[in-house]
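> query.pdb (PDB, C-alpha atoms) pasted underneath:
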```
MODEL        1
ATOM      1  CA  MET H1065       0.000   0.000   0.000
ATOM      2  CA  ASN H1066       1.762   3.110  -1.232
ATOM      3  CA  ILE H1067       0.281   5.659   1.149
ATOM      4  CA  ILE H1068       2.072   9.003   0.842
ATOM      5  CA  GLY H1069       0.568  11.041   3.655
ATOM      6  CA  PRO H1070      -2.251  13.479   4.378
ATOM      7  CA  ASP H1071      -3.609  15.381   1.370
ATOM      8  CA  TYR H1072      -6.289  17.226   3.330
ATOM      9  CA  LEU H1073      -7.652  17.517   6.846
ATOM     10  CA  VAL H1074     -11.355  18.375   7.068
ATOM     11  CA  PHE H1075     -12.830  20.391   9.949
ATOM     12  CA  GLY H1076     -16.333  21.361  11.019
ATOM     13  CA  VAL H1077     -15.891  24.720  12.765
ATOM     14  CA  ASP H1078     -17.918  27.151  14.868
ATOM     15  CA  ASP H1079     -16.796  30.375  13.172
ATOM     16  CA  VAL H1080     -16.102  29.991   9.438
ATOM     17  CA  ALA H1081     -15.069  33.632   8.958
ATOM     18  CA  ALA H1082     -12.524  33.558  11.797
ATOM     19  CA  CYS H1083     -11.061  30.289  10.529
ATOM     20  CA  CYS H1084     -10.805  31.641   6.967
ATOM     21  CA  GLU H1085      -8.957  34.687   8.263
ATOM     22  CA  TYR H1086      -6.643  32.511  10.358
ATOM     23  CA  LEU H1087      -5.768  30.057   7.577
ATOM     24  CA  THR H1088      -5.075  32.871   5.114
ATOM     25  CA  ALA H1089      -2.864  34.692   7.611
ATOM     26  CA  PHE H1090      -1.023  31.410   8.277
ATOM     27  CA  GLY H1091       0.007  31.395   4.623
ATOM     28  CA  LEU H1092      -2.492  29.003   3.014
ATOM     29  CA  LYS H1093      -4.133  29.967  -0.279
ATOM     30  CA  PRO H1094      -7.954  30.156  -0.346
ATOM     31  CA  THR H1095      -9.257  28.006  -3.220
ATOM     32  CA  ASP H1096     -12.967  28.084  -4.113
ATOM     33  CA  VAL H1097     -13.688  29.534  -0.674
ATOM     34  CA  THR H1098     -17.088  31.073   0.071
ATOM     35  CA  ALA H1099     -18.880  32.187   3.208
ATOM     36  CA  ASP H1100     -19.565  28.485   3.817
ATOM     37  CA  GLY H1101     -15.839  27.604   3.838
ATOM     38  CA  GLY H1102     -13.682  25.711   1.384
ATOM     39  CA  LEU H1103     -10.115  24.600   0.692
ATOM     40  CA  PHE H1104      -6.943  26.370   1.858
ATOM     41  CA  GLU H1105      -3.884  25.117  -0.007
ATOM     42  CA  THR H1106      -0.162  24.837   0.518
ATOM     43  CA  LEU H1107       2.199  25.292  -2.428
ATOM     44  CA  ASP H1108       1.832  21.618  -3.453
ATOM     45  CA  GLY H1109      -1.971  21.553  -3.227
ATOM     46  CA  THR H1110      -2.368  19.766   0.109
ATOM     47  CA  GLY H1111      -4.170  21.669   2.838
ATOM     48  CA  ILE H1112      -7.194  22.232   5.058
ATOM     49  CA  ILE H1113     -10.896  22.068   4.229
ATOM     50  CA  ILE H1114     -13.328  23.845   6.540
ATOM     51  CA  ARG H1115     -17.107  23.930   6.707
ATOM     52  CA  HIS H1116     -19.496  25.083   9.386
ATOM     53  CA  LYS H1117     -20.034  22.302  11.890
ATOM     54  CA  SER H1118     -23.722  22.066  10.905
ATOM     55  CA  ASP H1119     -22.913  21.506   7.200
ATOM     56  CA  PRO H1120     -24.672  18.254   6.195
ATOM     57  CA  SER H1121     -21.928  17.410   3.686
ATOM     58  CA  LEU H1122     -19.414  16.858   6.490
ATOM     59  CA  PRO H1123     -18.672  13.413   7.924
ATOM     60  CA  ALA H1124     -20.159  12.802  11.354
ATOM     61  CA  PRO H1125     -18.304  14.442  14.270
ATOM     62  CA  LEU H1126     -16.315  12.575  16.867
ATOM     63  CA  PRO H1127     -18.128  12.027  20.193
ATOM     64  CA  THR H1128     -15.963  14.815  21.675
ATOM     65  CA  ALA H1129     -15.710  18.577  21.227
ATOM     66  CA  ASN H1130     -12.872  18.200  18.686
ATOM     67  CA  MET H1131     -13.527  19.819  15.302
ATOM     68  CA  LEU H1132     -11.631  17.319  13.125
ATOM     69  CA  ARG H1133     -14.080  15.539  10.806
ATOM     70  CA  GLN H1134     -11.908  13.586   8.359
ATOM     71  CA  GLN H1135      -8.326  12.801   7.380
ATOM     72  CA  VAL H1136      -7.834  12.450   3.629
ATOM     73  CA  TYR H1137      -4.747  10.408   2.701
ATOM     74  CA  GLY H1138      -3.104  10.427  -0.698
ATOM     75  CA  VAL H1139      -1.864   7.222  -2.335
ATOM     76  CA  ARG H1140       0.168   6.684  -5.496
ATOM     77  CA  SER H1141      -2.336   4.829  -7.673
ATOM     78  CA  SER H1142      -5.806   3.335  -7.968
ATOM     79  CA  GLU H1143      -4.243  -0.088  -7.337
ATOM     80  CA  ASP H1144      -3.338   1.138  -3.856
ATOM     81  CA  LEU H1145      -6.967   2.081  -3.259
ATOM     82  CA  ASP H1146      -7.998  -1.408  -4.309
ATOM     83  CA  ALA H1147      -5.501  -2.945  -1.890
ATOM     84  CA  ILE H1148      -6.725  -0.798   1.006
ATOM     85  CA  GLU H1149     -10.347  -1.622   0.199
ATOM     86  CA  THR H1150      -9.601  -5.352   0.041
ATOM     87  CA  GLU H1151      -7.793  -5.327   3.376
ATOM     88  CA  LEU H1152     -10.103  -3.132   5.406
ATOM     89  CA  SER H1153     -13.407  -4.439   4.063
ATOM     90  CA  LYS H1154     -12.624  -7.684   5.902
ATOM     91  CA  ASP H1155     -13.960  -6.226   9.140
ATOM     92  CA  ARG H1156     -15.606  -2.855   8.455
ATOM     93  CA  ARG H1157     -17.704  -0.935   5.977
ATOM     94  CA  VAL H1158     -15.676   0.617   3.155
ATOM     95  CA  THR H1159     -17.522   2.985   0.811
ATOM     96  CA  ARG H1160     -16.315   3.553  -2.744
ATOM     97  CA  LEU H1161     -17.175   7.078  -3.925
ATOM     98  CA  ALA H1162     -17.929   8.212  -7.465
ATOM     99  CA  ASP H1163     -14.462   9.719  -7.882
ATOM    100  CA  GLY H1164     -12.837   6.379  -7.015
ATOM    101  CA  SER H1165     -11.773   7.352  -3.484
ATOM    102  CA  ILE H1166     -12.780   5.219  -0.489
ATOM    103  CA  GLU H1167     -14.101   6.141   2.943
ATOM    104  CA  LEU H1168     -14.022   4.219   6.226
ATOM    105  CA  LYS H1169     -13.420   4.555   9.954
ATOM    106  CA  ASP H1170     -10.312   3.486  11.839
ATOM    107  CA  ASP H1171     -10.467   1.515  15.090
ATOM    108  CA  HIS H1172     -10.957   4.664  17.171
ATOM    109  CA  GLY H1173     -13.773   5.999  15.002
ATOM    110  CA  PHE H1174     -11.737   8.594  13.086
ATOM    111  CA  GLU H1175     -13.143   9.176   9.604
ATOM    112  CA  LEU H1176     -10.616   8.399   6.848
ATOM    113  CA  ARG H1177     -10.672   8.869   3.104
ATOM    114  CA  PHE H1178      -8.051   7.542   0.692
ATOM    115  CA  GLN H1179      -7.588   8.994  -2.778
ATOM    116  CA  VAL H1180      -5.011   9.073  -5.542
ATOM    117  CA  THR H1181      -2.935  11.985  -4.301
ATOM    118  CA  ILE H1182      -3.581  15.497  -5.537
ATOM    119  CA  ARG H1183      -0.084  16.663  -4.547
ATOM    120  CA  ARG H1184       1.643  18.758  -7.179
ATOM    121  CA  GLU H1185       5.364  18.207  -7.674
ATOM    122  CA  LEU H1186       7.378  21.014  -6.123
ATOM    123  CA  ILE H1187      10.631  22.120  -7.703
ATOM    124  CA  MET H1188      11.968  24.691  -5.274
ATOM    125  CA  PRO H1189      15.362  25.212  -3.640
ATOM    126  CA  ALA H1190      15.834  24.458   0.035
ATOM    127  CA  GLU H1191      17.237  27.089   2.336
ATOM    128  CA  LYS H1192      20.904  27.767   1.554
ATOM    129  CA  ILE H1193      23.544  28.093   4.259
ATOM    130  CA  ASN H1194      27.203  29.129   4.309
ATOM    131  CA  ALA H1195      29.477  27.399   6.803
ATOM    132  CA  PRO H1196      33.262  27.368   7.357
ATOM    133  CA  GLY H1197      34.869  24.221   5.988
ATOM    134  CA  ALA H1198      32.143  23.619   3.397
ATOM    135  CA  PRO H1199      31.491  25.074  -0.060
ATOM    136  CA  ALA H1200      29.338  28.195   0.100
ATOM    137  CA  GLN H1201      25.725  27.488  -0.892
ATOM    138  CA  ARG H1202      24.988  31.130  -1.656
ATOM    139  CA  LYS H1203      26.931  32.894  -4.380
ATOM    140  CA  PRO H1204      28.872  36.092  -3.632
ATOM    141  CA  ASN H1205      26.475  38.968  -2.956
ATOM    142  CA  GLU H1206      23.483  36.592  -2.637
ATOM    143  CA  ILE H1207      21.879  37.498   0.678
ATOM    144  CA  GLY H1208      20.236  34.930   2.930
ATOM    145  CA  VAL H1209      17.336  36.911   4.371
ATOM    146  CA  TRP H1210      15.422  40.055   3.516
ATOM    147  CA  GLU H1211      12.323  41.759   4.829
ATOM    148  CA  GLU H1212       9.932  40.692   2.046
ATOM    149  CA  MET H1213      11.306  37.170   1.513
ATOM    150  CA  PRO H1214       8.679  34.493   0.713
ATOM    151  CA  ALA H1215       7.885  32.105   3.568
ATOM    152  CA  LEU H1216       4.850  29.974   2.733
ATOM    153  CA  PRO H1217       3.862  26.430   3.766
ATOM    154  CA  ARG H1218       5.062  24.013   1.090
ATOM    155  CA  THR H1219       3.127  20.871   2.023
ATOM    156  CA  LEU H1220       0.954  19.351   4.736
ATOM    157  CA  SER H1221       3.495  17.509   6.882
ATOM    158  CA  HIS H1222       1.810  15.539   9.663
ATOM    159  CA  VAL H1223      -1.074  15.202  12.072
ATOM    160  CA  VAL H1224      -1.000  14.363  15.791
ATOM    161  CA  LEU H1225      -3.995  12.605  17.328
ATOM    162  CA  PHE H1226      -5.199  12.223  20.887
ATOM    163  CA  VAL H1227      -6.244   8.570  21.298
ATOM    164  CA  PRO H1228      -7.272   6.585  24.404
ATOM    165  CA  ASP H1229      -5.553   3.334  23.360
ATOM    166  CA  ILE H1230      -2.113   3.583  21.756
ATOM    167  CA  GLU H1231      -1.861  -0.154  21.068
ATOM    168  CA  ILE H1232      -5.152  -0.303  19.157
ATOM    169  CA  ALA H1233      -4.245   2.779  17.095
ATOM    170  CA  THR H1234      -0.744   1.507  16.317
ATOM    171  CA  ARG H1235      -1.934  -1.966  15.286
ATOM    172  CA  PHE H1236      -4.450  -0.512  12.861
ATOM    173  CA  TYR H1237      -2.044   1.805  11.052
ATOM    174  CA  CYS H1238       0.949  -0.562  11.117
ATOM    175  CA  ASP H1239      -0.641  -3.987  10.656
ATOM    176  CA  ARG H1240      -3.477  -2.975   8.329
ATOM    177  CA  LEU H1241      -2.041   0.009   6.418
ATOM    178  CA  GLY H1242       1.694  -0.660   6.463
ATOM    179  CA  PHE H1243       2.871   2.332   8.493
ATOM    180  CA  VAL H1244       6.302   2.006  10.155
ATOM    181  CA  ILE H1245       7.297   3.118  13.660
ATOM    182  CA  THR H1246      10.342   5.389  13.477
ATOM    183  CA  ASP H1247      10.625   6.327  17.176
ATOM    184  CA  THR H1248       8.535   6.189  20.350
ATOM    185  CA  LEU H1249       8.103   8.607  23.241
ATOM    186  CA  THR H1250       7.149   6.320  26.133
ATOM    187  CA  GLY H1251       4.173   7.743  27.968
ATOM    188  CA  ALA H1252       2.896   9.453  24.836
ATOM    189  CA  GLY H1253       3.107   7.261  21.739
ATOM    190  CA  PRO H1254       4.868   6.330  18.489
ATOM    191  CA  PHE H1255       5.925   8.361  15.477
ATOM    192  CA  LEU H1256       4.742   6.705  12.246
ATOM    193  CA  ARG H1257       5.530   7.077   8.561
ATOM    194  CA  PRO H1258       3.697   5.381   5.684
ATOM    195  CA  LYS H1259       5.669   3.205   3.269
ATOM    196  CA  ALA H1260       5.631   5.731   0.413
ATOM    197  CA  ASN H1261       7.001   8.620   2.499
ATOM    198  CA  ASP H1262      10.487   8.831   4.002
ATOM    199  CA  ASP H1263       9.718  11.697   6.405
ATOM    200  CA  HIS H1264      10.413  10.802  10.050
ATOM    201  CA  HIS H1265       6.675  10.966  10.680
ATOM    202  CA  THR H1266       3.370  11.915   9.119
ATOM    203  CA  LEU H1267       1.399  10.653  12.138
ATOM    204  CA  PHE H1268       1.928  10.678  15.897
ATOM    205  CA  PHE H1269      -0.299   9.483  18.739
ATOM    206  CA  ILE H1270      -0.622  10.864  22.262
ATOM    207  CA  ARG H1271      -2.446   8.799  24.878
ATOM    208  CA  THR H1272      -5.330  10.713  26.486
ATOM    209  CA  PRO H1273      -8.686  10.015  28.124
ATOM    210  CA  GLU H1274     -11.559   9.211  25.781
ATOM    211  CA  TYR H1275     -13.161  12.646  26.195
ATOM    212  CA  MET H1276     -10.075  14.315  24.625
ATOM    213  CA  LYS H1277     -10.022  12.180  21.458
ATOM    214  CA  GLY H1278      -9.290  14.196  18.325
ATOM    215  CA  CYS H1279      -6.630  16.276  16.622
ATOM    216  CA  GLU H1280      -3.982  17.805  18.892
ATOM    217  CA  HIS H1281      -2.047  19.548  16.121
ATOM    218  CA  LEU H1282      -1.193  19.505  12.443
ATOM    219  CA  ALA H1283       1.975  20.725  10.758
ATOM    220  CA  PHE H1284       3.216  22.206   7.502
ATOM    221  CA  HIS H1285       6.727  21.873   6.062
ATOM    222  CA  MET H1286       8.576  25.117   5.358
ATOM    223  CA  GLY H1287      11.660  25.562   3.171
ATOM    224  CA  GLY H1288      14.009  25.780   6.146
ATOM    225  CA  PRO H1289      14.368  27.184   9.673
ATOM    226  CA  THR H1290      14.711  30.761   8.431
ATOM    227  CA  GLU H1291      11.393  30.518   6.576
ATOM    228  CA  LEU H1292       9.856  29.036   9.726
ATOM    229  CA  MET H1293      11.128  31.909  11.877
ATOM    230  CA  VAL H1294      10.054  34.544   9.350
ATOM    231  CA  ALA H1295       6.570  33.054   8.875
ATOM    232  CA  GLY H1296       6.071  32.628  12.620
ATOM    233  CA  THR H1297       7.187  36.169  13.379
ATOM    234  CA  ARG H1298       4.829  37.564  10.747
ATOM    235  CA  PHE H1299       2.002  35.482  12.182
ATOM    236  CA  VAL H1300       2.599  36.784  15.715
ATOM    237  CA  LYS H1301       2.653  40.356  14.384
ATOM    238  CA  LYS H1302      -0.806  39.736  12.938
ATOM    239  CA  GLY H1303      -2.040  39.083  16.466
ATOM    240  CA  TYR H1304      -2.049  35.281  16.610
ATOM    241  CA  GLN H1305      -0.886  33.554  19.768
ATOM    242  CA  SER H1306       2.267  31.462  19.935
ATOM    243  CA  PHE H1307       1.764  28.232  21.888
ATOM    244  CA  TRP H1308       5.194  26.517  21.834
ATOM    245  CA  GLY H1309       8.412  27.510  20.155
ATOM    246  CA  PRO H1310      10.256  28.321  18.127
ATOM    247  CA  GLY H1311      12.575  25.399  18.812
ATOM    248  CA  ARG H1312      13.904  22.122  17.494
ATOM    249  CA  HIS H1313      12.688  18.625  18.354
ATOM    250  CA  LYS H1314      14.977  15.702  19.179
ATOM    251  CA  PHE H1315      13.037  12.889  17.467
ATOM    252  CA  GLY H1316      12.665  13.908  13.834
ATOM    253  CA  SER H1317      15.140  16.786  14.263
ATOM    254  CA  ASN H1318      12.547  19.172  12.830
ATOM    255  CA  TRP H1319      12.360  22.813  13.757
ATOM    256  CA  PHE H1320       8.932  23.764  15.115
ATOM    257  CA  TRP H1321       6.714  26.651  16.057
ATOM    258  CA  TYR H1322       3.148  25.972  17.270
ATOM    259  CA  PHE H1323       0.207  28.370  17.430
ATOM    260  CA  ASN H1324      -3.278  28.343  18.946
ATOM    261  CA  SER H1325      -6.100  28.296  16.400
ATOM    262  CA  PRO H1326      -9.884  28.706  16.156
ATOM    263  CA  LEU H1327     -10.073  25.184  14.669
ATOM    264  CA  GLY H1328      -9.802  23.608  18.124
ATOM    265  CA  CYS H1329      -6.227  22.355  17.686
ATOM    266  CA  HIS H1330      -2.720  23.727  17.287
ATOM    267  CA  PHE H1331      -1.091  24.628  13.975
ATOM    268  CA  GLU H1332       2.634  24.133  13.444
ATOM    269  CA  TYR H1333       5.254  25.387  11.050
ATOM    270  CA  ASP H1334       8.047  22.793  10.793
ATOM    271  CA  ALA H1335      11.276  22.508   8.818
ATOM    272  CA  ASP H1336      14.244  20.213   8.147
ATOM    273  CA  MET H1337      12.758  16.888   9.248
ATOM    274  CA  ASP H1338      14.895  13.714   9.191
ATOM    275  CA  LYS H1339      14.426  11.166   6.411
ATOM    276  CA  HIS H1340      14.426   7.390   7.027
ATOM    277  CA  ASP H1341      14.363   4.120   5.132
ATOM    278  CA  ASP H1342      13.677   0.548   6.207
ATOM    279  CA  THR H1343      17.199   0.105   7.663
ATOM    280  CA  TRP H1344      16.429   2.630  10.423
ATOM    281  CA  ILE H1345      16.256   1.197  13.966
ATOM    282  CA  ALA H1346      13.567   2.891  16.038
ATOM    283  CA  ARG H1347      14.594   4.654  19.229
ATOM    284  CA  GLU H1348      12.623   5.012  22.453
ATOM    285  CA  ALA H1349      12.765   7.664  25.158
ATOM    286  CA  GLN H1350      10.575   8.786  28.009
ATOM    287  CA  MET H1351       8.145  11.562  27.165
ATOM    288  CA  ASN H1352       9.358  14.659  28.997
ATOM    289  CA  ALA H1353      10.567  18.179  28.262
ATOM    290  CA  GLU H1354      14.190  17.057  28.003
ATOM    291  CA  ASN H1355      13.400  14.556  25.236
ATOM    292  CA  SER H1356      10.802  16.666  23.474
ATOM    293  CA  GLN H1357      13.166  19.391  22.279
ATOM    294  CA  ILE H1358      16.887  19.980  21.923
ATOM    295  CA  VAL H1359      16.447  23.775  22.000
ATOM    296  CA  LEU H1360      13.515  26.051  22.791
ATOM    297  CA  PHE H1361      13.466  29.787  22.250
ATOM    298  CA  GLU H1362      11.149  32.445  23.594
ATOM    299  CA  MET H1363       9.364  34.799  21.228
ATOM    300  CA  ARG H1364       9.794  38.460  22.089
ATOM    301  CA  GLU H1365       9.512  41.782  20.289
ATOM    302  CA  LYS H1366      12.530  42.949  18.324
ATOM    303  CA  TRP H1367      15.406  44.407  20.323
ATOM    304  CA  ALA H1368      18.400  46.486  19.298
ATOM    305  CA  PRO H1369      21.272  47.899  21.394
ATOM    306  CA  THR H1370      20.491  51.396  22.626
ATOM    307  CA  GLY H1371      23.256  51.968  25.134
ATOM    308  CA  GLY H1372      21.370  50.442  28.048
ATOM    309  CA  PRO H1373      21.114  46.805  29.209
ATOM    310  CA  PRO H1374      18.959  44.453  27.164
ATOM    311  CA  PRO H1375      15.465  43.730  28.508
ATOM    312  CA  GLY H1376      15.601  41.330  31.449
ATOM    313  CA  ALA H1377      19.318  41.773  32.093
ATOM    314  CA  LYS H1378      20.583  42.031  35.662
ATOM    315  CA  ARG H1379      21.576  45.534  36.662
TER     316      ARG H1379
ENDMDL
END
```
Reformat the file's structure so that it appears as structure tokens.


Amino acid sequence: MNIIGPDYLVFGVDDVAACCEYLTAFGLKPTDVTADGGLFETLDGTGIIIRHKSDPSLPAPLPTANMLRQQVYGVRSSEDLDAIETELSKDRRVTRLADGSIELKDDHGFELRFQVTIRRELIMPAEKINAPGAPAQRKPNEIGVWEEMPALPRTLSHVVLFVPDIEIATRFYCDRLGFVITDTLTGAGPFLRPKANDDHHTLFFIRTPEYMKGCEHLAFHMGGPTELMVAGTRFVKKGYQSFWGPGRHKFGSNWFWYFNSPLGCHFEYDADMDKHDDTWIAREAQMNAENSQIVLFEMREKWAPTGGPPPGAKR
């Protein structure tokens, strides 16, 4: 089963206008969006779909207050859809839609849809760095950062789910859909990647009580840590609230910056995630602050030397 990763996440929200404003400010492109909601795209076409929570076209809600309605996964070909349908129809209802995609529920009741991926191929340079002892990546007189530099989400990276039973969730995605565990944070859950994606993870579980079941956060890949910092700073200046970061995780090595959102979960910019193949040996560490990040910064307003001590310095 050549599952690539999430194409779309679908939400049923309380305030469509506020969510549209948020997603646009975050850097996603409104596509066929009306007062009833619509699609907000990254540069490769993946993204977020929102509708009002009362919209009858939405899948049924979870039995919690979470606003996530459906995860839409992209696969390489129609043959992969056939393989998923054959496997999962053994013990649950699988619905084939007119466009060839299939819908079903996982073992925790999350609504899933699988489709031949809509991702557009991106041909864009990664962030360039210059370092002593290595060939310069930027040519002479090519600057690395400027005020108006582009910093937009390139693709939908991963989703993190609150689930009450880690073992049940892991068995479903690994045994039935071919996901691979890359690392595990004991006390929280495993990081998973599907077979057709070499990112450290596209899915992560956190063990919680049943009443918390739903989406904890979702993330978007940026072109590098500078783009992440620039996009996050612009987002804060627009009045949106930073939740965690900026910083860099240990497992996955990705830079991160999380924000609160009106969609009932956190949104993350991430960058520079590790890649893995089937020779990788999964690691395990206890879930705590020490293992969650290697560095963590604190967002503050810009500062420049003025002759006095910097803010917070001892006098």

> Pick the closest to Leu1256 in chain H from H:Met1351, H:Leu1220, H:Ala1129, H:Val1244: which is it, counting all atoms listed in the file?

H:Val1244

> Restricting the calculation to only C-alpha atoms: of H:Phe1299, H:Trp1367, H:Phe1226, H:Tyr1275, which residue gets closest to Gly1091 in chain H?

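Closest to Gly1091 in chain H of all the choices is H:Phe1299.
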
> Which distance in Å separates CA of Leu1225 in chain H and CA of Val1294 in chain H, to one decimal?

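For CA of Leu1225 in chain H relative to CA of Val1294 in chain H, the distance reads 27.2 Å.
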
> Rank H:Ala1283, H:Cys1238, H:Ala1295, H:Val1223 by their smallest atom-to-atom distance to Glu1211 in chain H, using all atoms listed in the file, and report the top residue only.

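That would be H:Ala1295, the residue with the smallest distance to Glu1211 in chain H.
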
> One decimal, Å: what's the distance from CA of His1285 in chain H over to CA of Pro1217 in chain H, could you say?

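We find that CA of His1285 in chain H and CA of Pro1217 in chain H lie 5.9 Å from each other.
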
> Can you measure CA of Glu1085 in chain H to CA of Ile1068 in chain H for me? One decimal in Å is fine.

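For CA of Glu1085 in chain H relative to CA of Ile1068 in chain H, the distance reads 28.9 Å.
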
> Would you tabulate, counting all atoms listed in the file, all residues of range 1101-1144 of chain H that have an atom at most 6 Å from an atom of range 1181-1204 of chain H, showing the closest pair of atoms and their distance in Å to one decimal, sorted by chain then ascending number, as JSON lines?


```
{"residue": "H:Asp1108", "atom": "CA", "partner": "H:Arg1184", "partner_atom": "CA", "distance": 4.7}
{"residue": "H:Gly1109", "atom": "CA", "partner": "H:Arg1183", "partner_atom": "CA", "distance": 5.4}
{"residue": "H:Gly1138", "atom": "CA", "partner": "H:Thr1181", "partner_atom": "CA", "distance": 3.9}
{"residue": "H:Val1139", "atom": "CA", "partner": "H:Thr1181", "partner_atom": "CA", "distance": 5.3}
```

> With a distance cut-off of 7 Å and only C-alpha atoms, select the neighbouring residues of Lys1117 in chain H, excluding the residue or stretch itself and same-chain residues fewer than 2 positions from it, and output the selection as a VMD selection string.

chain H and resid 1076 to 1078 1115 1119
